[in-house]
$ cat data18.cif   # mmCIF, C-alpha atoms
data_final
#
loop_
_atom_site.label_atom_id
_atom_site.label_comp_id
_atom_site.auth_asym_id
_atom_site.auth_seq_id
_atom_site.Cartn_x
_atom_site.Cartn_y
_atom_site.Cartn_z
CA MET A 269 0.00 0.00 0.00
CA ARG A 270 1.34 3.42 -0.96
CA LEU A 271 -0.13 6.83 -0.18
CA SER A 272 1.38 9.53 -2.32
CA ALA A 273 0.73 13.23 -2.67
CA TYR A 274 1.99 15.22 -5.60
CA ASN A 275 2.00 19.03 -5.64
CA LEU A 276 -0.94 19.26 -3.22
CA ARG A 277 -2.48 22.69 -2.85
CA CYS A 278 -4.98 23.73 -0.23
CA VAL A 279 -6.92 26.98 -0.11
CA ARG A 280 -9.20 27.76 2.81
CA GLY A 281 -11.23 30.90 3.19
CA GLY A 282 -9.53 32.48 0.17
CA CYS A 283 -6.09 32.04 1.73
CA GLN A 284 -3.51 29.60 0.46
CA VAL A 285 -2.53 27.25 3.26
CA PHE A 286 0.10 25.26 1.40
CA ASP A 287 1.18 24.53 -2.14
CA ASN A 288 3.47 22.05 -3.93
CA LEU A 289 3.32 19.62 -1.06
CA ARG A 290 4.75 16.21 -1.84
CA PHE A 291 5.22 13.04 0.12
CA ALA A 292 4.98 9.31 -0.38
CA LEU A 293 4.35 6.76 2.32
CA GLU A 294 4.63 3.00 2.06
CA SER A 295 2.95 0.52 4.36
CA GLY A 296 4.51 0.67 7.78
CA GLU A 297 5.71 4.24 7.40
CA ALA A 298 4.73 7.24 9.47
CA LEU A 299 4.75 10.90 8.55
CA VAL A 300 5.10 13.37 11.37
CA VAL A 301 3.76 16.78 10.35
CA THR A 302 5.18 19.68 12.33
CA GLY A 303 5.03 23.42 12.04
CA PRO A 304 3.77 26.51 13.83
CA ASN A 305 0.09 27.15 14.56
CA GLY A 306 -1.79 27.90 11.37
CA ALA A 307 0.76 26.20 9.14
CA GLY A 308 -1.89 23.85 7.76
CA LYS A 309 -1.27 20.65 9.72
CA SER A 310 -4.93 20.07 10.45
CA SER A 311 -5.88 21.13 6.93
CA LEU A 312 -3.52 18.53 5.50
CA LEU A 313 -5.02 15.76 7.64
CA ARG A 314 -8.57 16.78 6.76
CA LEU A 315 -7.58 17.00 3.11
CA ILE A 316 -6.23 13.43 3.14
CA GLY A 317 -9.40 12.36 4.95
CA GLY A 318 -11.57 13.86 2.22
CA LEU A 319 -13.04 16.49 4.55
CA VAL A 320 -11.43 19.46 2.76
CA ARG A 321 -11.42 19.89 -0.97
CA ILE A 322 -8.13 19.48 -2.85
CA ASP A 323 -7.45 22.65 -4.83
CA GLY A 324 -4.59 21.30 -6.86
CA GLY A 325 -2.31 18.32 -7.26
CA THR A 326 -3.17 14.70 -6.72
CA LEU A 327 -3.52 12.36 -3.80
CA THR A 328 -3.49 8.66 -4.60
CA LEU A 329 -3.62 5.43 -2.69
CA GLU A 330 -2.20 2.39 -4.44
CA GLY A 331 -2.98 -1.06 -3.17
CA GLY A 332 -6.04 -0.02 -1.21
CA ASP A 333 -9.69 -0.85 -1.72
CA ALA A 334 -10.53 0.68 -5.11
CA GLU A 335 -14.24 0.79 -4.29
CA ARG A 336 -13.78 3.07 -1.32
CA SER A 337 -12.41 6.61 -1.11
CA ILE A 338 -9.22 7.35 0.80
CA GLY A 339 -11.30 8.93 3.54
CA GLU A 340 -13.28 5.72 3.97
CA GLN A 341 -10.05 3.79 4.47
CA ALA A 342 -8.70 6.30 6.95
CA HIS A 343 -9.40 7.07 10.57
CA TYR A 344 -9.56 10.76 11.30
CA LEU A 345 -8.90 11.68 14.91
CA GLY A 346 -9.33 15.42 15.24
CA HIS A 347 -9.64 17.89 18.08
CA LEU A 348 -13.26 16.84 18.56
CA ASP A 349 -13.85 13.44 20.07
CA ALA A 350 -17.17 12.54 18.38
CA LEU A 351 -18.60 11.26 21.67
CA LYS A 352 -22.13 11.71 23.01
CA PRO A 353 -22.10 12.80 26.66
CA SER A 354 -25.32 10.94 27.55
CA LEU A 355 -24.13 7.58 26.22
CA THR A 356 -21.74 5.44 28.24
CA ALA A 357 -18.18 4.86 27.11
CA ARG A 358 -19.11 1.37 25.90
CA GLU A 359 -22.22 2.56 24.05
CA ASN A 360 -20.22 5.29 22.32
CA LEU A 361 -17.57 2.86 21.17
CA LEU A 362 -20.08 0.16 20.24
CA PHE A 363 -22.04 2.61 18.09
CA TRP A 364 -19.00 3.62 16.05
CA VAL A 365 -17.92 0.01 15.66
CA GLN A 366 -21.37 -0.95 14.35
CA PHE A 367 -21.73 2.15 12.21
CA LEU A 368 -18.25 2.11 10.69
CA GLY A 369 -18.18 -1.67 10.33
CA GLY A 370 -15.57 -2.98 12.69
CA GLY A 371 -15.23 -6.32 14.31
CA SER A 372 -11.48 -6.89 14.47
CA LEU A 373 -11.36 -6.41 18.21
CA ASP A 374 -13.89 -6.87 20.94
CA THR A 375 -14.98 -3.53 22.42
CA ALA A 376 -14.12 -4.71 25.93
CA ASP A 377 -10.58 -5.54 24.79
CA ALA A 378 -10.28 -2.16 23.05
CA LEU A 379 -11.36 -0.35 26.21
CA GLU A 380 -8.89 -2.47 28.18
CA GLN A 381 -6.06 -1.49 25.83
CA VAL A 382 -6.66 2.23 26.32
CA GLY A 383 -7.07 1.80 30.07
CA LEU A 384 -10.80 2.50 30.32
CA ALA A 385 -12.01 -0.98 31.27
CA GLY A 386 -13.21 0.20 34.67
CA LEU A 387 -15.12 3.15 33.24
CA ALA A 388 -17.05 1.38 30.47
CA ASP A 389 -20.46 2.05 32.02
CA LEU A 390 -19.82 5.68 32.89
CA PRO A 391 -21.53 8.27 30.64
CA ALA A 392 -18.95 9.93 28.42
CA GLY A 393 -19.96 13.33 29.77
CA TYR A 394 -18.22 12.47 33.03
CA LEU A 395 -14.92 11.52 31.41
CA SER A 396 -11.95 13.88 31.51
CA ALA A 397 -10.40 15.27 28.32
CA GLY A 398 -7.67 12.66 28.41
CA GLN A 399 -10.11 9.81 29.00
CA ARG A 400 -12.30 11.05 26.13
CA ARG A 401 -9.28 11.04 23.85
CA ARG A 402 -8.44 7.49 24.93
CA LEU A 403 -12.00 6.43 24.15
CA SER A 404 -11.61 7.90 20.66
CA ILE A 405 -8.38 5.98 20.23
CA ALA A 406 -10.24 2.80 21.18
CA ARG A 407 -12.31 3.41 18.04
CA LEU A 408 -9.17 3.24 15.90
CA LEU A 409 -8.31 -0.10 17.45
CA SER A 410 -11.79 -1.59 17.03
CA VAL A 411 -12.47 -0.57 13.44
CA PRO A 412 -9.75 -1.80 11.08
CA ARG A 413 -8.66 0.90 8.64
CA PRO A 414 -5.15 1.07 7.15
CA ILE A 415 -4.54 4.83 7.38
CA TRP A 416 -4.57 6.75 10.65
CA LEU A 417 -4.81 10.55 10.47
CA LEU A 418 -4.08 11.86 13.94
CA ASP A 419 -4.33 15.52 14.83
CA GLU A 420 -2.48 16.23 18.08
CA PRO A 421 -3.40 12.77 19.43
CA THR A 422 -1.46 13.15 22.65
CA ALA A 423 -2.33 16.76 23.54
CA PRO A 424 -4.67 16.05 26.52
CA LEU A 425 -2.86 12.90 27.64
CA ASP A 426 -0.52 12.34 30.57
CA ALA A 427 3.03 11.08 30.10
CA ALA A 428 2.19 7.39 30.59
CA ALA A 429 -0.76 7.54 28.19
CA ARG A 430 1.44 9.29 25.59
CA ASP A 431 3.82 6.34 25.65
CA ASP A 432 0.84 3.96 25.36
CA VAL A 433 -0.50 5.82 22.32
CA ALA A 434 2.94 5.92 20.73
CA ALA A 435 3.15 2.15 21.28
CA LEU A 436 -0.29 1.64 19.67
CA MET A 437 0.82 3.72 16.68
CA GLN A 438 4.01 1.69 16.43
CA ALA A 439 1.96 -1.52 16.53
CA HIS A 440 -0.28 -0.20 13.75
CA LEU A 441 2.83 0.55 11.64
CA THR A 442 4.26 -2.89 12.33
CA GLY A 443 0.98 -4.35 11.12
CA GLY A 444 1.42 -2.62 7.76
CA GLY A 445 -0.57 0.53 8.42
CA ILE A 446 0.16 4.13 7.54
CA VAL A 447 0.14 6.92 10.10
CA VAL A 448 0.07 10.64 9.40
CA VAL A 449 0.29 12.55 12.63
CA ALA A 450 0.35 16.28 13.32
CA THR A 451 2.07 17.02 16.57
CA HIS A 452 4.11 19.48 18.58
CA ALA A 453 5.44 16.90 21.01
CA PRO A 454 7.99 14.29 19.94
CA LEU A 455 6.39 10.84 19.77
CA GLY A 456 9.48 8.67 19.42
CA LEU A 457 8.19 6.69 16.46
CA VAL A 458 10.85 4.51 14.89
CA GLY A 459 11.58 5.36 11.26
CA ALA A 460 9.08 8.19 11.05
CA ARG A 461 9.60 10.82 8.42
CA GLU A 462 9.06 14.45 9.11
CA LEU A 463 7.18 17.02 7.06
CA ARG A 464 7.74 20.55 8.26
CA LEU A 465 5.09 23.02 7.19
CA GLY A 466 6.09 26.66 7.04
CA ALA A 467 3.77 29.58 7.53
CA ALA A 468 3.52 30.34 3.83
CA ARG A 469 5.09 27.53 1.88
CA ALA A 470 5.58 23.88 2.61
CA ILE A 471 8.93 22.19 2.29
CA ALA A 472 8.83 18.43 2.27
CA ALA A 473 11.75 16.74 3.94
CA MET B 91 -26.63 -4.81 13.82
CA SER B 92 -26.23 -2.99 10.53
CA ALA B 93 -24.89 0.54 10.24
CA PHE B 94 -28.38 1.82 9.39
CA THR B 95 -30.05 0.37 12.47
CA ALA B 96 -27.07 1.37 14.61
CA MET B 97 -27.61 5.02 13.66
CA LEU B 98 -31.37 4.72 14.12
CA ALA B 99 -30.98 3.12 17.54
CA ARG B 100 -28.38 5.67 18.66
CA ASP B 101 -30.53 8.66 17.73
CA VAL B 102 -33.63 7.18 19.38
CA ARG B 103 -31.58 6.47 22.50
CA LEU B 104 -30.10 9.98 22.56
CA ALA B 105 -33.54 11.56 22.16
CA THR B 106 -35.11 9.50 24.93
CA ARG B 107 -32.24 9.83 27.42
CA ALA B 108 -32.02 12.70 29.88
CA GLY B 109 -31.30 15.88 27.95
CA GLY B 110 -32.81 14.51 24.75
CA GLY B 111 -35.60 16.27 22.92
CA ALA B 112 -38.25 13.53 22.61
CA LEU B 113 -40.71 14.96 25.14
CA MET B 114 -40.12 18.60 24.24
CA GLY B 115 -42.14 18.40 21.03
CA VAL B 116 -45.20 16.87 22.68
CA LEU B 117 -45.13 19.30 25.59
CA PHE B 118 -44.84 22.24 23.22
CA PHE B 119 -47.74 20.82 21.15
CA PHE B 120 -49.78 20.47 24.32
CA ILE B 121 -49.09 24.07 25.39
CA VAL B 122 -49.80 25.62 21.98
CA VAL B 123 -53.13 23.81 21.64
CA THR B 124 -54.07 24.56 25.25
CA LEU B 125 -53.48 28.29 24.70
CA MET B 126 -55.92 28.41 21.77
CA PRO B 127 -59.18 28.18 23.77
CA PHE B 128 -57.85 30.85 26.14
CA ALA B 129 -57.19 33.18 23.22
CA LEU B 130 -60.38 32.44 21.30
CA GLY B 131 -62.83 32.17 24.17
CA PRO B 132 -65.14 29.30 25.12
CA ASP B 133 -66.98 29.23 21.81
CA LEU B 134 -67.47 25.48 21.34
CA ALA B 135 -68.77 25.74 17.78
CA LEU B 136 -65.79 27.87 16.74
CA LEU B 137 -63.28 25.54 18.42
CA GLN B 138 -64.88 22.56 16.74
CA ARG B 139 -64.67 24.25 13.35
CA ILE B 140 -61.03 25.37 13.61
CA GLY B 141 -59.86 22.42 15.75
CA PRO B 142 -58.16 20.43 12.97
CA ALA B 143 -56.29 23.54 11.78
CA VAL B 144 -55.14 24.32 15.34
CA LEU B 145 -53.92 20.76 15.84
CA TRP B 146 -52.08 20.79 12.53
CA LEU B 147 -50.41 24.13 13.22
CA GLY B 148 -49.39 22.97 16.69
CA ALA B 149 -47.93 19.75 15.31
CA LEU B 150 -46.10 21.65 12.57
CA LEU B 151 -44.42 23.98 15.08
CA ALA B 152 -43.72 21.22 17.61
CA ASN B 153 -42.08 19.14 14.92
CA LEU B 154 -39.60 21.97 14.27
CA LEU B 155 -38.28 22.03 17.83
CA ALA B 156 -35.89 19.12 17.68
CA LEU B 157 -34.98 19.67 14.04
CA ASP B 158 -32.37 22.39 14.42
CA ARG B 159 -30.28 20.09 16.63
CA LEU B 160 -30.74 17.08 14.32
CA LEU B 161 -27.44 17.56 12.48
CA ALA B 162 -25.92 20.55 14.30
CA VAL B 163 -25.05 18.42 17.34
CA ASP B 164 -23.20 15.89 15.22
CA HIS B 165 -21.37 18.73 13.49
CA GLU B 166 -20.30 20.36 16.74
CA ASP B 167 -18.95 17.22 18.41
CA GLY B 168 -17.11 15.98 15.32
CA SER B 169 -19.37 12.99 14.63
CA LEU B 170 -20.26 14.36 11.20
CA ASP B 171 -16.63 14.01 10.05
CA LEU B 172 -16.83 10.29 10.77
CA ILE B 173 -20.33 9.94 9.31
CA LEU B 174 -19.11 11.42 6.02
CA ASN B 175 -16.38 8.78 5.79
CA ALA B 176 -18.55 5.82 6.76
CA PRO B 177 -19.24 2.90 4.42
CA LEU B 178 -22.98 3.63 4.64
CA PRO B 179 -24.00 6.22 1.98
CA LEU B 180 -24.71 9.61 3.52
CA GLU B 181 -28.24 9.57 2.09
CA LEU B 182 -29.09 6.38 3.99
CA THR B 183 -27.52 7.73 7.18
CA LEU B 184 -29.80 10.74 6.86
CA VAL B 185 -32.82 8.48 6.30
CA ALA B 186 -31.92 6.72 9.56
CA LYS B 187 -31.62 10.04 11.38
CA ALA B 188 -34.91 11.26 9.93
CA ALA B 189 -36.62 8.01 10.93
CA ALA B 190 -35.32 8.39 14.48
CA HIS B 191 -36.56 11.98 14.59
CA TRP B 192 -39.99 10.90 13.33
CA LEU B 193 -40.22 8.06 15.86
CA THR B 194 -39.30 10.31 18.77
CA THR B 195 -41.13 13.50 17.69
CA GLY B 196 -43.72 12.73 15.00
CA VAL B 197 -45.24 9.59 16.51
CA PRO B 198 -45.79 11.14 19.97
CA LEU B 199 -47.58 14.03 18.23
CA VAL B 200 -49.90 11.60 16.45
CA VAL B 201 -50.59 9.84 19.75
CA ALA B 202 -51.22 13.13 21.58
CA ALA B 203 -53.52 14.58 18.92
CA PRO B 204 -56.71 12.64 19.93
CA LEU B 205 -56.23 13.70 23.55
CA LEU B 206 -55.92 17.34 22.55
CA GLY B 207 -58.87 16.92 20.19
CA LEU B 208 -61.04 16.43 23.28
CA MET B 209 -59.99 19.84 24.53
CA LEU B 210 -61.09 21.41 21.26
CA ASN B 211 -64.50 19.68 21.35
CA LEU B 212 -63.75 17.59 18.25
CA GLU B 213 -66.07 14.75 17.23
CA PRO B 214 -64.54 11.25 17.32
CA ALA B 215 -64.65 11.10 13.51
CA SER B 216 -62.76 14.35 13.06
CA THR B 217 -60.28 13.40 15.80
CA ALA B 218 -59.56 10.19 13.89
CA ALA B 219 -59.15 12.21 10.69
CA VAL B 220 -56.64 14.54 12.35
CA ALA B 221 -54.63 11.64 13.77
CA LEU B 222 -54.63 9.83 10.44
CA THR B 223 -53.54 12.92 8.47
CA LEU B 224 -50.83 13.66 11.04
CA LEU B 225 -49.61 10.08 10.74
CA ALA B 226 -49.37 10.50 6.98
CA GLY B 227 -48.06 14.07 7.04
CA THR B 228 -45.44 14.21 9.83
CA PRO B 229 -42.85 12.15 7.89
CA ALA B 230 -43.02 14.85 5.21
CA LEU B 231 -42.44 17.56 7.83
CA THR B 232 -39.41 15.66 9.13
CA CYS B 233 -37.90 15.08 5.68
CA ILE B 234 -38.40 18.70 4.59
CA GLY B 235 -36.92 19.78 7.92
CA LEU B 236 -33.93 17.54 7.28
CA ILE B 237 -32.99 19.74 4.32
CA GLY B 238 -33.18 22.80 6.58
CA ALA B 239 -31.08 21.11 9.26
CA ALA B 240 -28.40 20.31 6.68
CA LEU B 241 -28.44 23.88 5.37
CA LEU B 242 -27.98 25.18 8.92
CA VAL B 243 -24.81 23.13 9.20
CA ALA B 244 -23.71 24.54 5.85
CA LEU B 245 -24.43 28.11 6.93
CA ARG B 246 -23.04 27.58 10.46
CA ARG B 247 -26.08 29.27 11.93
CA GLY B 248 -28.79 27.89 14.08
CA GLY B 249 -31.95 28.66 15.91
CA LEU B 250 -34.56 30.77 14.24
CA LEU B 251 -33.22 30.47 10.72
CA LEU B 252 -34.66 26.96 10.47
CA PRO B 253 -38.35 27.93 10.78
CA ILE B 254 -37.82 30.74 8.28
CA LEU B 255 -36.28 28.33 5.78
CA ILE B 256 -38.59 25.41 6.39
CA LEU B 257 -42.06 26.69 7.18
CA PRO B 258 -42.74 28.08 3.67
CA LEU B 259 -41.87 24.67 2.23
CA THR B 260 -44.34 22.92 4.51
CA VAL B 261 -47.31 24.97 3.26
CA PRO B 262 -48.54 22.29 0.81
CA VAL B 263 -48.43 19.64 3.54
CA LEU B 264 -50.39 21.91 5.86
CA ILE B 265 -52.98 22.76 3.18
CA PHE B 266 -53.73 19.17 2.24
CA GLY B 267 -53.52 17.90 5.81
CA VAL B 268 -56.11 20.37 7.05
CA SER B 269 -58.32 20.11 3.96
CA ALA B 270 -58.41 16.31 4.33
CA CYS B 271 -59.60 16.78 7.92
CA ASN B 272 -62.25 19.27 6.85
CA ALA B 273 -63.34 16.98 4.04
CA ALA B 274 -63.90 14.22 6.58
CA ILE B 275 -65.95 16.49 8.83
CA VAL B 276 -68.01 18.76 6.60
CA GLY B 277 -67.38 17.61 3.02
CA PRO B 278 -68.40 18.08 0.27
CA MET B 279 -65.10 16.77 -1.08
CA PRO B 280 -64.38 13.07 -0.35
CA PHE B 281 -61.67 12.52 2.30
CA GLY B 282 -59.61 10.46 -0.13
CA THR B 283 -58.80 13.25 -2.57
CA PRO B 284 -56.75 15.59 -0.35
CA PHE B 285 -55.51 12.63 1.70
CA THR B 286 -53.92 10.90 -1.28
CA ILE B 287 -52.26 14.17 -2.30
CA LEU B 288 -50.92 14.44 1.27
CA CYS B 289 -49.54 10.89 0.99
CA ALA B 290 -47.98 11.80 -2.36
CA LEU B 291 -46.31 14.86 -0.78
CA THR B 292 -44.89 12.61 1.94
CA LEU B 293 -43.54 10.12 -0.59
CA VAL B 294 -41.91 12.90 -2.64
CA SER B 295 -40.28 14.43 0.44
CA LEU B 296 -39.05 11.00 1.55
CA VAL B 297 -37.15 10.74 -1.72
CA VAL B 298 -36.05 14.37 -2.16
CA GLY B 299 -35.24 15.20 1.49
CA PRO B 300 -32.31 12.84 2.15
CA PHE B 301 -30.70 13.53 -1.23
CA ALA B 302 -31.01 17.31 -0.93
CA ALA B 303 -29.76 17.23 2.68
CA ALA B 304 -26.81 15.01 1.72
CA ALA B 305 -25.89 17.38 -1.11
CA ALA B 306 -26.05 20.36 1.27
CA LEU B 307 -23.86 18.57 3.83
CA ARG B 308 -21.26 17.50 1.27
CA HIS B 309 -21.07 21.05 0.01
CA ALA B 310 -20.84 22.38 3.56
CA MET B 311 -17.93 20.14 4.52
CA GLU B 312 -15.84 21.32 1.60
#

$ encode --input "data18.cif" --output "structure tokens"
Amino acid sequence: MRLSAYNLRCVRGGCQVFDNLRFALESGEALVVTGPNGAGKSSLLRLIGGLVRIDGGTLTLEGGDAERSIGEQAHYLGHLDALKPSLTARENLLFWVQFLGGGSLDTADALEQVGLAGLADLPAGYLSAGQRRRLSIARLLSVPRPIWLLDEPTAPLDAAARDDVAALMQAHLTGGGIVVVATHAPLGLVGARELRLGAARAIAA
Amino acid sequence: MSAFTAMLARDVRLATRAGGGALMGVLFFFIVVTLMPFALGPDLALLQRIGPAVLWLGALLANLLALDRLLAVDHEDGSLDLILNAPLPLELTLVAKAAAHWLTTGVPLVVAAPLLGLMLNLEPASTAAVALTLLAGTPALTCIGLIGAALLVALRRGGLLLPILILPLTVPVLIFGVSACNAAIVGPMPFGTPFTILCALTLVSLVVGPFAAAAALRHAME
């Protein structure tokens, strides 16, 4: 599987976010997107996920499911957690697994892996920001999709949980997945490539 | 459980849990209809004559209450991003959401209508006609409202814009709903004529609503 971008251009609100952006990722490779606030990290992730229109260039996925768009083969984990406060942690996760078509991992095991096993029956409204983020990450584990698009995945997490998430990302890469992650904090991923976005123009490393 | 029923079950559960909007519509319906006799005075003949129209107007407004949150909530908490990239086509997802809205808002209105008919001095026959026309007409209100809810997400505005956008489009439903009731009570037109047109309006909106709303949402997310 190969995700490649050629001369990508993104315009939002009449302002050019980036232009001539290029990268290519093989299975098992990670791309760490860095840059100052407003450099277009989130825009790039949403663009790969099909949530922002591509204004120029091409984005292709070779070796994927030709019947489905890139967005449908990717998990997008943004700043919003997509959780309903009145549903319990388990109900939230179970809904997304049923709706997105999962089944690779039992929801109880997924909650166990992100350290929420004891809180499964608590309404999501009572969870802290870090716990909510962990619950969202459980979704990535339960629904198998090859590409992970992570926007500041570790921002609300404590140090131990950051290491856990980095380990889950590493496991996804080992299993042949692709990870594109926007972050300010170093994640310690082995063999990750870095894409530094500037304020005006992107330079691919 | 399929993706369609998962979405349907989630929305029904959210509406019926604490903080959901399932009861709001019925209570609002109840209050609007209760206020009418106070405003018009205890003229039983008048209430009987305008009863079906009052019930239809009340149901129309009550149906709007939960609509502006139908898609806005999913947009605000990020669920819409995931819904757009789900294997289930967006149109079918919207059908599931509309069905959940109808089950939690439209059906209680139909059930409450005969009770409120008593307060307006309606005959049993005309009460049955109102309930039957509401049963046939409320899915149309929901599906037309779905388009408005999607446009609100696109425009990033909420609240009062929805009634302004939606109410003009519901005029045909209102006209044929009330005229079917009146046909059943006073004639001379047979009940079937306006009622079948009402059913046709519902069928058209069932087809057009989800597609138009999906188009609005796709445009909005770009």

$ interface_residues --input "data18.cif" --of "chain B" --to "chain A" --cutoff "9 Å" --atoms "only C-alpha atoms" --output "PyMOL selection string"
chain B and resi 91-97+99-100+103-104+107-110+164-178+308+311-312

$ atom_distance --input "data18.cif" --atom1 "atom CA of Gly370 of chain A" --atom2 "atom CA of Ala385 of chain A"
19.0 Å

$ residues_around --input "data18.cif" --residues "Phe291 of chain A" --least-positions-apart "6" --cutoff "10 Å" --atoms "only C-alpha atoms" --output "list in words"
Leu271, Ser272, Ala273, Tyr274, Asn275, Leu276, Leu299, Leu327, Arg461, Glu462, Leu463, Ala472 and Ala473 of chain A

$ atom_distance --input "data18.cif" --atom1 "atom CA of Val458 of chain A" --atom2 "atom CA of Leu384 of chain A"
26.7 Å

$ closest_residue --input "data18.cif" --among "B:Ala202, B:Val268, B:Ala240, B:Ala306" --to "Leu147 of chain B" --atoms "only C-alpha atoms"
B:Val268

$ resolve_selection --input "data18.cif" --expression "the PyMOL selection byres ((chain B and resi 283) around 12)" --output "short mmCIF file (atom, residue, chain, number, x, y, z; two decimals) with C-alpha atoms, keeping the file's coordinate frame"
data_model
loop_
_atom_site.label_atom_id
_atom_site.label_comp_id
_atom_site.auth_asym_id
_atom_site.auth_seq_id
_atom_site.Cartn_x
_atom_site.Cartn_y
_atom_site.Cartn_z
CA PHE B 266 -53.73 19.17 2.24
CA GLY B 267 -53.52 17.90 5.81
CA SER B 269 -58.32 20.11 3.96
CA ALA B 270 -58.41 16.31 4.33
CA CYS B 271 -59.60 16.78 7.92
CA ASN B 272 -62.25 19.27 6.85
CA ALA B 273 -63.34 16.98 4.04
CA ALA B 274 -63.90 14.22 6.58
CA GLY B 277 -67.38 17.61 3.02
CA PRO B 278 -68.40 18.08 0.27
CA MET B 279 -65.10 16.77 -1.08
CA PRO B 280 -64.38 13.07 -0.35
CA PHE B 281 -61.67 12.52 2.30
CA GLY B 282 -59.61 10.46 -0.13
CA PRO B 284 -56.75 15.59 -0.35
CA PHE B 285 -55.51 12.63 1.70
CA THR B 286 -53.92 10.90 -1.28
CA ILE B 287 -52.26 14.17 -2.30
CA LEU B 288 -50.92 14.44 1.27
CA CYS B 289 -49.54 10.89 0.99
CA ALA B 290 -47.98 11.80 -2.36
#

$ atom_distance --input "data18.cif" --atom1 "atom CA of Pro304 of chain A" --atom2 "atom CA of Gly466 of chain A"
7.2 Å

$ resolve_selection --input "data18.cif" --expression "the PyMOL selection byres ((chain B and resi 118-120) around 10)" --output "list of chain:residue names"
B:Leu113, B:Met114, B:Gly115, B:Val116, B:Leu117, B:Ile121, B:Val122, B:Val123, B:Thr124, B:Leu125, B:Leu145, B:Trp146, B:Leu147, B:Gly148, B:Ala149, B:Leu150, B:Leu151, B:Ala152, B:Asn153, B:Leu155, B:Pro198, B:Leu199, B:Ala202, B:Ala203, B:Leu205, B:Leu206

$ resolve_selection --input "data18.cif" --expression "the PyMOL selection byres ((chain A and resi 324) around 9)" --output "ChimeraX atom specification"
/A:275-278,287-288,322-323,325-326

$ closest_residue --input "data18.cif" --among "B:Ala219, B:Val276, B:Val185, B:Val200" --to "Ala302 of chain B" --atoms "all atoms listed in the file"
B:Val185

$ axis_aligned_box --input "data18.cif" --around "segment 426-435 of chain A" --padding-each-side "5 Å" --output "JSON"
{"center_x": 1.5, "center_y": 7.2, "center_z": 25.7, "size_x": 14.6, "size_y": 20.2, "size_z": 19.9}

$ closest_residue --input "data18.cif" --among "B:Leu134, B:Val294, B:Ala112, B:Leu224" --to "Thr195 of chain B" --atoms "all atoms listed in the file"
B:Ala112

$ closest_residue --input "data18.cif" --among "B:Leu225, B:Met209, B:Ala188, B:Ala239" --to "Leu252 of chain B" --atoms "all atoms listed in the file"
B:Ala239
